[in-house]
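One structure is given here, and the rest of the page talks about it.
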Amino acid sequence: MNQIPLVTHHTETLFDADQMVLSMGPQHPSTHGVLRVILKLDGERVVDLDCDIGYLHRGAEKIFENRLYPMIAPYFDRLDYIAAVSNGLLYVETVEKAMGIEVPPRAQYLRVILTELNRLSSHLLWLATHALDIGGFTVFLYAFREREEILKIFENFFGARLTCHAFRIGGMTYDAYPEFEAQVRAFCDLFPKRLEEYETLLNENRIWLGRTVGIGVISAEDAISLGLTGAPLRGSGVDYDVRKTDPYECYADLEFDIPIGENGDTFDRYLVRMEEMRQSRRIIMQALDRLPDGPVMGKVPKVIRVPAGEVYHSVEGPKGELGLYLVSDGGTKPYRLRMRPSSFVNLGALRKMAIGSLVSDVVAVIGSLDIVLGEIDR
């Protein structure tokens, strides 16, 4: 009978291996939520990367199929909870497009003001957490200071600070409160000086430049191929913004520029968002100056029934193009409702952007994508 050896000698141990696998997240704060990034490393250098998502999945798109159209709207506030206003606008506009509902001009201008304020609050949170990831604690405090002023306006308007909900199919339930215009103008008058403070801290800071310049580079061709939108796409030099290419609400009547980068790195994505905040302020001021009088709710049937058929609609959210595909069978509930979440699509470029970088660079690249896992997992 053959004897089985008691001891097996391995020629390679863990520490002799050339590569190792490291799990970053889902609890790690630098992953900006419940995201697990599986890194294959050669020392500190990333040789491969994969994203493990789904920890925050709530089955929202399936829930939509079992709710009446008006009941669905608040769910969108809880997808990208940092951009609840923009998500809510996407939903009501999609239903309005499918039903052919005309929204009153005053409601259109108020919607634009509120969504651009939401873009500012989203970018400020991005700047605060992105800087904190890289080691800039002062910027975190400064950006939250300004974001707090926007949240106060939201609290007065919506009755909530984060999951804000005021849009309805056909317009808005409530008109602006009496002090709304004055408070928004006061914020917009102060904001340019605050932006200069952020840039004074960061633009020529050698630590910031060392952590962002040349990090996470992606070419315009690759960005387009991977379906990137928002600042990650414009940072690579691609001039694409839904507000310009397919205007909605009153954007066609307003003047604003689309900032683009040159190098497609983390620093360019930072510069693009900083200029976007200036352009959002510019849009808000124009909308306030042109804000018409009149009703804020259009003619809407008491029972919402979307005609049978299908429709796709998109808006420019703070993180990129937000799309919604609606299929109706003519009833009071959608047959299918599927999102094109910008964070989900943009996250698909992380592998391309991070391979060859250091582990610490992965943190900076994830921050430059500005993802929210509630929207990714849905």
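If you're wondering about the labels, chains in the structure tokens are A, B, ... by order shown, residues count from 1 in each chain, ligands from 1 in order shown.
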
Please provide as a ChimeraX atom specification all residues within 12 Å of Glu249 of chain A, with the sequence filter that same-chain residues fewer than 2 positions apart are discarded (counting only C-alpha atoms).
-> /A:89-90,92-94,96-97,102-113,115,170-171,242-244,246-247,251-254,287,314-316

Just the residues within 10 Å of segment 224-240 of chain A, please, counting only C-alpha atoms, with nothing from its chain fewer than 6 positions along; format it as a VMD selection string.
-> chain A and resid 217 to 218 258 to 273 276 316 to 322 342 to 349 352 368 to 370

Could you dump the residues just selected with N, CA, C and O atoms as a compact mmCIF listing (two decimals), in the first residue's frame?
# COMPACT_ATOMS: atom_id res chain seq x y z
N VAL A 217 -5.82 59.28 -15.55
CA VAL A 217 -6.00 59.86 -16.89
C VAL A 217 -6.87 58.94 -17.75
O VAL A 217 -6.69 57.72 -17.77
N ILE A 218 -7.80 59.55 -18.48
CA ILE A 218 -8.60 58.81 -19.46
C ILE A 218 -8.79 59.70 -20.67
O ILE A 218 -9.12 60.89 -20.55
N ILE A 258 -20.13 75.62 -21.10
CA ILE A 258 -19.83 74.26 -20.67
C ILE A 258 -18.31 74.14 -20.53
O ILE A 258 -17.60 74.11 -21.53
N PRO A 259 -17.78 74.08 -19.32
CA PRO A 259 -16.32 73.97 -19.14
C PRO A 259 -15.83 72.58 -19.53
O PRO A 259 -16.49 71.58 -19.27
N ILE A 260 -14.68 72.53 -20.17
CA ILE A 260 -14.07 71.25 -20.54
C ILE A 260 -12.59 71.27 -20.15
O ILE A 260 -11.98 72.33 -20.04
N GLY A 261 -12.03 70.10 -19.94
CA GLY A 261 -10.63 69.97 -19.60
C GLY A 261 -9.78 69.62 -20.81
O GLY A 261 -10.27 69.58 -21.94
N GLU A 262 -8.51 69.37 -20.56
CA GLU A 262 -7.58 69.07 -21.64
C GLU A 262 -6.90 67.71 -21.46
O GLU A 262 -6.66 67.01 -22.44
N ASN A 263 -6.59 67.35 -20.21
CA ASN A 263 -5.74 66.19 -19.96
C ASN A 263 -6.51 64.96 -19.48
O ASN A 263 -5.96 63.87 -19.47
N GLY A 264 -7.75 65.13 -19.07
CA GLY A 264 -8.54 63.99 -18.62
C GLY A 264 -8.06 63.36 -17.33
O GLY A 264 -8.31 62.18 -17.08
N ASP A 265 -7.39 64.15 -16.48
CA ASP A 265 -6.91 63.61 -15.21
C ASP A 265 -7.78 64.10 -14.06
O ASP A 265 -8.75 64.86 -14.25
N THR A 266 -7.43 63.69 -12.85
CA THR A 266 -8.20 64.06 -11.67
C THR A 266 -8.23 65.56 -11.46
O THR A 266 -9.25 66.12 -11.04
N PHE A 267 -7.14 66.24 -11.78
CA PHE A 267 -7.08 67.69 -11.61
C PHE A 267 -8.02 68.39 -12.58
O PHE A 267 -8.70 69.35 -12.20
N ASP A 268 -8.11 67.92 -13.81
CA ASP A 268 -9.02 68.53 -14.79
C ASP A 268 -10.47 68.33 -14.37
O ASP A 268 -11.31 69.21 -14.56
N ARG A 269 -10.78 67.17 -13.82
CA ARG A 269 -12.16 66.94 -13.36
C ARG A 269 -12.50 67.88 -12.20
O ARG A 269 -13.65 68.32 -12.07
N TYR A 270 -11.51 68.17 -11.39
CA TYR A 270 -11.69 69.16 -10.32
C TYR A 270 -11.95 70.55 -10.91
O TYR A 270 -12.89 71.25 -10.51
N LEU A 271 -11.13 70.96 -11.89
CA LEU A 271 -11.30 72.29 -12.49
C LEU A 271 -12.65 72.43 -13.17
O LEU A 271 -13.29 73.49 -13.11
N VAL A 272 -13.10 71.37 -13.84
CA VAL A 272 -14.38 71.41 -14.54
C VAL A 272 -15.51 71.64 -13.55
O VAL A 272 -16.39 72.49 -13.77
N ARG A 273 -15.50 70.94 -12.45
CA ARG A 273 -16.58 71.11 -11.47
C ARG A 273 -16.54 72.48 -10.81
O ARG A 273 -17.59 73.06 -10.50
N GLU A 276 -18.10 74.70 -13.24
CA GLU A 276 -19.54 74.39 -13.32
C GLU A 276 -20.31 75.10 -12.22
O GLU A 276 -21.45 75.54 -12.42
N GLU A 316 -29.40 66.60 -17.19
CA GLU A 316 -28.01 66.71 -16.77
C GLU A 316 -27.97 66.84 -15.25
O GLU A 316 -28.18 67.91 -14.70
N GLY A 317 -27.76 65.73 -14.59
CA GLY A 317 -27.63 65.74 -13.14
C GLY A 317 -26.25 66.22 -12.72
O GLY A 317 -25.36 66.40 -13.56
N PRO A 318 -26.04 66.42 -11.44
CA PRO A 318 -24.72 66.87 -10.98
C PRO A 318 -23.59 65.90 -11.31
O PRO A 318 -22.45 66.32 -11.46
N LYS A 319 -23.92 64.62 -11.47
CA LYS A 319 -22.89 63.61 -11.70
C LYS A 319 -22.83 63.15 -13.15
O LYS A 319 -22.00 62.31 -13.50
N GLY A 320 -23.72 63.69 -13.99
CA GLY A 320 -23.73 63.30 -15.40
C GLY A 320 -25.14 63.13 -15.92
O GLY A 320 -26.12 63.59 -15.30
N GLU A 321 -25.27 62.45 -17.05
CA GLU A 321 -26.58 62.27 -17.66
C GLU A 321 -27.40 61.25 -16.89
O GLU A 321 -27.01 60.10 -16.73
N LEU A 322 -28.58 61.70 -16.43
CA LEU A 322 -29.55 60.82 -15.79
C LEU A 322 -30.64 60.52 -16.80
O LEU A 322 -31.28 61.44 -17.32
N SER A 342 -26.07 57.83 -13.84
CA SER A 342 -24.75 58.33 -14.25
C SER A 342 -23.64 57.75 -13.38
O SER A 342 -22.56 57.41 -13.89
N SER A 343 -23.86 57.62 -12.08
CA SER A 343 -22.81 57.08 -11.20
C SER A 343 -22.46 55.65 -11.58
O SER A 343 -21.29 55.26 -11.57
N PHE A 344 -23.47 54.83 -11.90
CA PHE A 344 -23.24 53.44 -12.27
C PHE A 344 -22.38 53.33 -13.52
O PHE A 344 -21.41 52.57 -13.58
N VAL A 345 -22.72 54.12 -14.54
CA VAL A 345 -21.98 54.07 -15.80
C VAL A 345 -20.56 54.62 -15.60
O VAL A 345 -19.59 54.04 -16.08
N ASN A 346 -20.45 55.73 -14.87
CA ASN A 346 -19.13 56.33 -14.68
C ASN A 346 -18.20 55.42 -13.89
O ASN A 346 -16.99 55.40 -14.11
N LEU A 347 -18.76 54.65 -12.95
CA LEU A 347 -17.93 53.74 -12.15
C LEU A 347 -17.28 52.67 -13.03
O LEU A 347 -16.21 52.16 -12.69
N GLY A 348 -17.91 52.37 -14.16
CA GLY A 348 -17.34 51.38 -15.08
C GLY A 348 -16.00 51.78 -15.65
O GLY A 348 -15.27 50.94 -16.18
N ALA A 349 -15.64 53.05 -15.54
CA ALA A 349 -14.35 53.52 -16.06
C ALA A 349 -13.24 53.45 -15.03
O ALA A 349 -12.09 53.73 -15.35
N LYS A 352 -10.17 51.26 -15.96
CA LYS A 352 -9.34 51.87 -17.00
C LYS A 352 -8.49 53.00 -16.43
O LYS A 352 -7.33 53.18 -16.82
N SER A 368 -12.80 61.56 -7.71
CA SER A 368 -12.99 62.42 -8.89
C SER A 368 -14.18 61.99 -9.73
O SER A 368 -14.68 62.76 -10.54
N LEU A 369 -14.66 60.75 -9.55
CA LEU A 369 -15.85 60.29 -10.28
C LEU A 369 -17.14 60.78 -9.61
O LEU A 369 -18.18 60.84 -10.26
N ASP A 370 -17.08 61.07 -8.30
CA ASP A 370 -18.24 61.59 -7.56
C ASP A 370 -19.43 60.65 -7.67
O ASP A 370 -20.48 60.98 -8.23

All residues 6 Å or closer to Gly323 of chain A, only C-alpha atoms, same chain fewer than 6 positions away omitted, as a PyMOL selection string = chain A and resi 313-314+339-340

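What separates atom CA of Arg67 of chain A from atom CA of Phe157 of chain A is a distance of 26.0 Å.
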
Backbone-only DSSP, helix (DSSP H, G or I) members of segment 249-319 of chain A, as a PyMOL selection string | chain A and resi 251-253+266-289

Which residues come within 7 Å of segment 139-144 of chain A, counting only C-alpha atoms, excluding same-chain residues fewer than 2 positions away, as a ChimeraX atom specification?
-> /A:124-125,127-129,131-132,136-137,146-148,198
